Amino acid sequence: QDDQAPGQAHANKGASPRAELARQPPTLQNIYGRQPLSLNGRWSYIIDPYETGFYNYRRQPFDQSPTGAGGFYDDRKPKDKDDAVEYNFDGSPTLAVPGDWNSQAARLEFYEGTLWMRQKFNAAPKDGKRYFLYFGAVNYEAHVYLNGKKLGSHKGGFTPFQFEVTGRLLKGENTVVVKADNTRHQDDIPTVNTDWWNYGGITRDVLLAETPDTYIEDYQIQLAKGDMGRIEGHVQLAGARRAQDVTVSIAELGVKTTVRTDANGRAAVSIALPKNKVRYWSPEDPKLYNVTIAGATDTLNDRIGLRTIETRGHDILLNGKSVFLRGISLHDENPLIPGRLRGEGDMRMMLQWAKDMNCNYVRLAHYPHSEEMIKLADEMGLLVWAEVPVYWTISWEKPEVYANARQQLTDLVVRDKNRASVIIWSIGNETPVSPVRTEFMGKLADTVRSLDRTRLVGAALEVHRTGDVVTVEDPLADKIDLASFNQYAGWYWSNNKEMMKFSFKVNYNKPVLVTEFGADALGGYHADTDTKWSEEYQDQLYKNTFKLLDAIPGLRGMTPWVLTDFRSPRRPHPYFQDYWNRKGLISETGKKKQAFYTLKSYYEQKQQQYK
Ligand code: GCB
């Protein structure tokens, strides 16, 4: 087995398949800015529940054998009529990439295990250029092979990874084979137990990027914390000529600065902004500026919004002004053609539904959504809560599990740190209070702050009930910027008739965000407001909840659960659920339930209040 730390991309260096696995350089910042070659499209696949293509009959991995050959990644064809090969990608069915496998073939709907996927593409590698094979996300464990040679592996279903393939690309036809395995394990992030579909496969873009020999690996260009007059950040080069002059400019604002990167390729960037000229990014005016980063060997462009985000007492200040976060939670899933969001059209549909409800904010639950989704939020003017799948009962005591969580969080922050829409990094959801858990999550909070000082840190905490009094008592609250919690009054506890007896006590001088509440309703099922599963019940629960929450002094926002119905293996009721969680405000046919309009008009009032 690969001797690897979880959550990181590791590459096979050198010719021998047994060669040491080395840590890959960080993924390219803004790979879409490099006009990469897309390897999306139809990929051939082989279902391999026994992992016959990976292990020999003694259960030893083929790719660790002396020749490294023997696995399905060889993409072998019979040499002659007296040769037998027991697999054949050419005759196998195909799946669309990006796309989860469960929603593309009936026999894969509940499948958890290994699938082999193959794509062929043409390349014309040039001397003096470098090449990176990039995966937006593969759920959960991926082993990647190029032209029969192993590039490496990666664990973690929602974050990008890449392998440098300079010198390994052939002129003309190339073959990439991926072993994707979505088997759940207690010691992974997330664990075996979640309330969403374990969609397997290559769920996001596969790209081949070309860079110069020395290239811009990373940069951060954002307003300094709480300072609307100054950009603060850095640039990071990788390659042989790491010490260079790099110019960062925003032509529209007439600003420009040139910095010299040090021997490690790094330079701090600080740019004073002209007074009264900047249009600050906000949901009402999601202005993005063209930013150019130009060194001697490489140039990149990005579209970046400028805004500040802070808290003061109970207030959340966006560009210095108190805001109420009119939010909704959502999964990375299209309810209409069930499955992971497949591209910009799906993503726009989801975010437009949120806007139709008067939202200025979305909680992208419970794991990193795609880079394109965040860019769309930047463009459409929606604030974002971004999260990692540290969900429910993680194996808190194991160092390798912590390393995995930390890596996924790091990859998220590194990827999205230039997006104005992202204002909160969430380190997890409904994690049960205990000393090991609080230490684990406290370290995650410190990790975020070491990577990005400019945004807020949140977590969806749990509440305690003593009689009718609901409190938030969690030592982790001291480590984060918000009093943020989920609560299910009227659904998991009590009912519409009795829920008004509850009162909330939040003893933190921080903005209160209710990260979840909700009720299941089967779209089109009508009854009275006391009948669970009906649209009327859900609607009444929302009305009751607004009264309860408006009584909390520091309330500054909410993200009810959830924008649309979504699939979950935990939800087998044959009539009301049929493997769907029905807490959506929009059904799986796209029909808005009554509570959609109730939330919309509540948000209209909030919008007036915070004008
Ligand atoms: C929660 C979880 C969310 C579930 C939801 C539910 O507290 O955070 O992932 O889907 O409740 O519907 O039970």
# chains A, B, ... in the order shown; residues from 1 in each chain; ligands from 1
>>> residues_near_ligand(ligand="ligand 1", cutoff="10 Å", atoms="only C-alpha atoms and all ligand atoms", output="ChimeraX atom specification")
/A:194-196,329-331,365-366,391-392,428-431,460-462,485-488,491-492,515-520,561-562,565-568,570-571,580-584
>>> residues_around(residues="Arg455 in chain A", least_positions_apart="6", cutoff="8 Å", atoms="only C-alpha atoms", output="mmCIF file with C-alpha atoms, in the first residue's frame")
data_model
loop_
_atom_site.group_PDB
_atom_site.id
_atom_site.type_symbol
_atom_site.label_atom_id
_atom_site.label_comp_id
_atom_site.auth_asym_id
_atom_site.auth_seq_id
_atom_site.Cartn_x
_atom_site.Cartn_y
_atom_site.Cartn_z
ATOM 1 C CA LYS A 225 -8.254 43.166 7.582
ATOM 2 C CA ILE A 309 -15.583 41.656 6.802
ATOM 3 C CA GLU A 310 -15.405 41.989 10.593
ATOM 4 C CA VAL A 422 -16.423 33.933 0.958
ATOM 5 C CA ILE A 423 -16.711 35.615 4.370
ATOM 6 C CA ILE A 424 -16.751 32.615 6.729
ATOM 7 C CA TRP A 425 -14.625 29.460 6.853
#
>>> select_by_dssp(residues="range 363-540 of chain A", states="strand (DSSP E or B)", output="number ranges by chain")
A: 363-364, 383-387, 391, 422-429, 456-461, 464-466, 469-471, 483-486, 489, 493, 503-505, 512-516, 521, 533
>>> residues_around(residues="Asn30 in chain A", least_positions_apart="5", cutoff="10 Å", atoms="only C-alpha atoms", output="VMD selection string")
chain A and resid 216 to 219 300 to 302 371 415 to 416 418
>>> closest_residue(among="A:Thr159, A:Ser249, A:Gln29, A:Gln407", to="Gln236 in chain A", atoms="only C-alpha atoms")
A:Gln29
>>> residues_around(residues="Ile250 in chain A", least_positions_apart="5", cutoff="7 Å", atoms="only C-alpha atoms", output="ChimeraX atom specification")
/A:255-256,289-292
>>> write_last_selection(atoms="N, CA and C atoms", output="PDB file, in the first residue's frame")
ATOM      1  N   VAL A 255      -3.849  51.559 -10.220  1.00  0.00           N
ATOM      2  CA  VAL A 255      -2.845  51.231  -9.205  1.00  0.00           C
ATOM      3  C   VAL A 255      -1.958  50.082  -9.681  1.00  0.00           C
ATOM      4  N   LYS A 256      -0.718  50.122  -9.153  1.00  0.00           N
ATOM      5  CA  LYS A 256       0.290  49.170  -9.624  1.00  0.00           C
ATOM      6  C   LYS A 256       1.426  49.148  -8.604  1.00  0.00           C
ATOM      7  N   TYR A 289     -12.838  43.552 -10.047  1.00  0.00           N
ATOM      8  CA  TYR A 289     -11.802  44.253 -10.797  1.00  0.00           C
ATOM      9  C   TYR A 289     -10.879  43.256 -11.495  1.00  0.00           C
ATOM     10  N   ASN A 290     -10.439  43.622 -12.683  1.00  0.00           N
ATOM     11  CA  ASN A 290      -9.413  42.815 -13.347  1.00  0.00           C
ATOM     12  C   ASN A 290      -8.072  43.108 -12.694  1.00  0.00           C
ATOM     13  N   VAL A 291      -7.457  42.057 -12.186  1.00  0.00           N
ATOM     14  CA  VAL A 291      -6.156  42.195 -11.535  1.00  0.00           C
ATOM     15  C   VAL A 291      -5.143  41.434 -12.382  1.00  0.00           C
ATOM     16  N   THR A 292      -4.015  42.063 -12.655  1.00  0.00           N
ATOM     17  CA  THR A 292      -2.971  41.394 -13.436  1.00  0.00           C
ATOM     18  C   THR A 292      -1.733  41.199 -12.579  1.00  0.00           C
TER      19      THR A 292
END
>>> atom_distance(atom1="CA of Ala124 in chain A", atom2="CA of Ala238 in chain A")
22.8 Å
>>> residues_around(residues="Arg449 in chain A", least_positions_apart="2", cutoff="12 Å", atoms="only C-alpha atoms", output="short mmCIF file (atom, residue, chain, number, x, y, z; two decimals) with N, CA and C atoms, in the first residue's frame")
data_model
loop_
_atom_site.label_atom_id
_atom_site.label_comp_id
_atom_site.auth_asym_id
_atom_site.auth_seq_id
_atom_site.Cartn_x
_atom_site.Cartn_y
_atom_site.Cartn_z
N LYS A 225 -7.19 43.33 6.58
CA LYS A 225 -8.25 43.17 7.58
C LYS A 225 -8.75 44.54 8.06
N LEU A 409 -9.03 21.40 4.85
CA LEU A 409 -9.30 22.80 5.20
C LEU A 409 -8.29 23.72 4.52
N THR A 410 -7.03 23.31 4.55
CA THR A 410 -5.98 24.11 3.92
C THR A 410 -6.24 24.24 2.43
N VAL A 413 -9.04 26.75 1.78
CA VAL A 413 -8.65 28.16 2.01
C VAL A 413 -7.69 28.63 0.91
N ILE A 424 -16.89 33.48 5.55
CA ILE A 424 -16.75 32.61 6.73
C ILE A 424 -16.18 31.26 6.31
N TRP A 425 -15.13 30.83 7.00
CA TRP A 425 -14.62 29.46 6.85
C TRP A 425 -15.21 28.65 8.00
N SER A 426 -15.95 27.61 7.69
CA SER A 426 -16.52 26.78 8.73
C SER A 426 -15.69 25.52 8.93
N ILE A 427 -15.36 25.24 10.18
CA ILE A 427 -14.49 24.11 10.48
C ILE A 427 -15.27 22.84 10.82
N GLY A 442 -10.22 23.12 17.70
CA GLY A 442 -9.49 24.35 18.06
C GLY A 442 -8.26 24.51 17.19
N LYS A 443 -7.58 23.39 16.94
CA LYS A 443 -6.40 23.45 16.06
C LYS A 443 -6.79 23.78 14.63
N LEU A 444 -7.97 23.32 14.21
CA LEU A 444 -8.44 23.69 12.87
C LEU A 444 -8.68 25.20 12.79
N ALA A 445 -9.27 25.76 13.85
CA ALA A 445 -9.50 27.21 13.87
C ALA A 445 -8.17 27.96 13.77
N ASP A 446 -7.16 27.47 14.50
CA ASP A 446 -5.83 28.11 14.44
C ASP A 446 -5.25 27.99 13.03
N THR A 447 -5.50 26.85 12.39
CA THR A 447 -5.00 26.63 11.03
C THR A 447 -5.57 27.68 10.09
N LEU A 451 -3.63 30.82 7.91
CA LEU A 451 -3.66 30.91 6.45
C LEU A 451 -4.33 32.18 5.96
N ASP A 452 -5.32 32.66 6.71
CA ASP A 452 -6.12 33.79 6.24
C ASP A 452 -6.65 34.57 7.45
N ARG A 453 -6.08 35.74 7.66
CA ARG A 453 -6.49 36.55 8.81
C ARG A 453 -7.72 37.40 8.49
N THR A 454 -8.10 37.45 7.20
CA THR A 454 -9.08 38.47 6.82
C THR A 454 -10.54 38.04 7.00
N ARG A 455 -10.79 36.73 7.10
CA ARG A 455 -12.18 36.28 7.17
C ARG A 455 -12.56 35.79 8.56
N LEU A 456 -13.84 35.45 8.72
CA LEU A 456 -14.34 34.97 10.01
C LEU A 456 -14.26 33.45 10.05
N VAL A 457 -14.14 32.92 11.26
CA VAL A 457 -14.14 31.48 11.46
C VAL A 457 -15.45 31.09 12.15
N GLY A 458 -16.12 30.08 11.60
CA GLY A 458 -17.38 29.61 12.17
C GLY A 458 -17.40 28.11 12.30
N LYS A 479 -13.26 29.98 20.46
CA LYS A 479 -12.24 29.96 19.41
C LYS A 479 -12.73 30.50 18.08
N ILE A 480 -14.03 30.71 17.96
CA ILE A 480 -14.57 31.15 16.66
C ILE A 480 -15.19 32.55 16.79
N ASP A 481 -15.55 33.14 15.66
CA ASP A 481 -15.99 34.54 15.65
C ASP A 481 -17.50 34.69 15.79
#
>>> residues_around(residues="Leu28 in chain A", least_positions_apart="6", cutoff="12 Å", atoms="only C-alpha atoms", output="ChimeraX atom specification")
/A:34,36,130-136,160-164,207-211,215-219,236-238,300,411,414-416
>>> select_by_dssp(residues="range 185-426 of chain A", states="alpha helix (DSSP H)", output="PyMOL selection string")
chain A and resi 344-356+371-380+399-416
>>> closest_atom_pairs(of="range 339-410 of chain A", to="range 147-158 of chain A", cutoff="10 Å", atoms="only C-alpha atoms", output="tab-separated table")
residue	atom	partner	partner_atom	distance
A:Tyr367	CA	A:Phe158	CA	6.6
A:Pro368	CA	A:Phe158	CA	5.6
A:His369	CA	A:Phe158	CA	6.9
A:Ser370	CA	A:Phe158	CA	7.7
A:Val388	CA	A:Phe158	CA	8.7
A:Pro389	CA	A:Phe158	CA	8.9
A:Asn404	CA	A:Gly156	CA	7.9
A:Ala405	CA	A:Gly156	CA	9.0
A:Gln407	CA	A:Gly156	CA	9.0
A:Gln408	CA	A:Gly156	CA	7.0
>>> write_last_selection(atoms="C-alpha atoms", output="mmCIF file, in the first residue's frame")
data_model
loop_
_atom_site.group_PDB
_atom_site.id
_atom_site.type_symbol
_atom_site.label_atom_id
_atom_site.label_comp_id
_atom_site.auth_asym_id
_atom_site.auth_seq_id
_atom_site.Cartn_x
_atom_site.Cartn_y
_atom_site.Cartn_z
ATOM 1 C CA TYR A 367 -17.936 20.201 2.290
ATOM 2 C CA PRO A 368 -16.131 22.383 -0.236
ATOM 3 C CA HIS A 369 -18.287 23.083 -3.283
ATOM 4 C CA SER A 370 -16.565 23.644 -6.626
ATOM 5 C CA VAL A 388 -15.175 21.190 5.419
ATOM 6 C CA PRO A 389 -16.777 17.765 6.040
ATOM 7 C CA ASN A 404 -6.561 14.762 6.767
ATOM 8 C CA ALA A 405 -9.031 17.360 8.109
ATOM 9 C CA GLN A 407 -5.271 19.222 4.677
ATOM 10 C CA GLN A 408 -8.832 19.507 3.341
#
>>> closest_atom_pairs(of="range 313-400 of chain A", to="range 197-204 of chain A", cutoff="8 Å", atoms="only C-alpha atoms", output="Markdown table")
| residue | atom | partner | partner_atom | distance |
| --- | --- | --- | --- | --- |
| A:Gly339 | CA | A:Tyr199 | CA | 7.5 |
| A:Arg340 | CA | A:Thr203 | CA | 6.9 |
| A:Arg342 | CA | A:Arg204 | CA | 7.6 |
| A:Ser370 | CA | A:Arg204 | CA | 7.3 |
>>> residues_around(residues="Thr297 in chain A", least_positions_apart="2", cutoff="9 Å", atoms="only C-alpha atoms", output="list in words")
Pro212, Asp213, Thr214, Tyr215, Ile216, Arg241, Gln244, Ala294, Gly295 and Thr299 of chain A
>>> write_last_selection(atoms="N, CA and C atoms", output="CSV table (one decimal), in the first residue's frame")
chain,number,residue,atom,x,y,z
A,212,PRO,N,4.9,28.2,-17.8
A,212,PRO,CA,6.3,28.4,-18.1
A,212,PRO,C,7.1,27.6,-17.1
A,213,ASP,N,8.4,27.6,-17.3
A,213,ASP,CA,9.3,26.8,-16.4
A,213,ASP,C,9.2,27.4,-15.0
A,214,THR,N,9.3,28.7,-14.9
A,214,THR,CA,9.0,29.3,-13.6
A,214,THR,C,7.7,30.0,-13.6
A,215,TYR,N,6.8,29.7,-12.8
A,215,TYR,CA,5.4,30.1,-12.9
A,215,TYR,C,4.8,30.6,-11.6
A,216,ILE,N,3.7,31.3,-11.7
A,216,ILE,CA,3.0,31.9,-10.5
A,216,ILE,C,2.2,30.7,-9.9
A,241,ARG,N,13.8,30.1,-11.7
A,241,ARG,CA,14.1,31.6,-11.5
A,241,ARG,C,13.2,32.2,-10.5
A,244,GLN,N,12.5,37.3,-8.9
A,244,GLN,CA,12.1,38.1,-10.0
A,244,GLN,C,11.4,39.4,-9.6
A,294,ALA,N,2.1,40.1,-13.1
A,294,ALA,CA,3.0,39.8,-14.2
A,294,ALA,C,4.4,39.8,-13.7
A,295,GLY,N,5.1,38.6,-14.0
A,295,GLY,CA,6.5,38.5,-13.7
A,295,GLY,C,7.3,38.5,-14.9
A,299,THR,N,2.5,35.4,-16.6
A,299,THR,CA,1.4,36.4,-16.3
A,299,THR,C,0.1,35.7,-16.1
>>> closest_residue(among="A:Ser421, A:Ala403, A:Leu169, A:Pro553", to="Glu284 in chain A", atoms="only C-alpha atoms")
A:Ser421
>>> decode(residues="range 514-539 of chain A", atoms="C-alpha atoms", output="PDB file, in the first residue's frame")
ATOM      1  CA  VAL A 514     -28.664  30.064  13.160  1.00  0.00           C
ATOM      2  CA  THR A 515     -26.948  27.721  10.760  1.00  0.00           C
ATOM      3  CA  GLU A 516     -29.893  25.280  10.459  1.00  0.00           C
ATOM      4  CA  PHE A 517     -33.543  24.756  11.262  1.00  0.00           C
ATOM      5  CA  GLY A 518     -36.224  23.092   9.170  1.00  0.00           C
ATOM      6  CA  ALA A 519     -38.916  20.496   8.634  1.00  0.00           C
ATOM      7  CA  ASP A 520     -39.573  17.842   6.014  1.00  0.00           C
ATOM      8  CA  ALA A 521     -42.440  18.441   3.597  1.00  0.00           C
ATOM      9  CA  LEU A 522     -43.335  16.294   0.617  1.00  0.00           C
ATOM     10  CA  GLY A 523     -44.019  18.732  -2.230  1.00  0.00           C
ATOM     11  CA  GLY A 524     -47.708  18.695  -3.094  1.00  0.00           C
ATOM     12  CA  TYR A 525     -48.762  16.928   0.120  1.00  0.00           C
ATOM     13  CA  HIS A 526     -51.342  19.160   1.825  1.00  0.00           C
ATOM     14  CA  ALA A 527     -52.848  18.827   5.297  1.00  0.00           C
ATOM     15  CA  ASP A 528     -53.243  21.020   8.370  1.00  0.00           C
ATOM     16  CA  THR A 529     -50.378  22.738  10.168  1.00  0.00           C
ATOM     17  CA  ASP A 530     -50.189  19.946  12.761  1.00  0.00           C
ATOM     18  CA  THR A 531     -49.565  17.180  10.228  1.00  0.00           C
ATOM     19  CA  LYS A 532     -45.919  16.357   9.758  1.00  0.00           C
ATOM     20  CA  TRP A 533     -44.665  15.933   6.174  1.00  0.00           C
ATOM     21  CA  SER A 534     -47.195  18.456   4.836  1.00  0.00           C
ATOM     22  CA  GLU A 535     -46.286  21.749   3.185  1.00  0.00           C
ATOM     23  CA  GLU A 536     -48.533  23.457   5.755  1.00  0.00           C
ATOM     24  CA  TYR A 537     -46.538  21.962   8.624  1.00  0.00           C
ATOM     25  CA  GLN A 538     -43.248  23.151   7.193  1.00  0.00           C
ATOM     26  CA  ASP A 539     -44.668  26.589   6.511  1.00  0.00           C
TER      27      ASP A 539
END
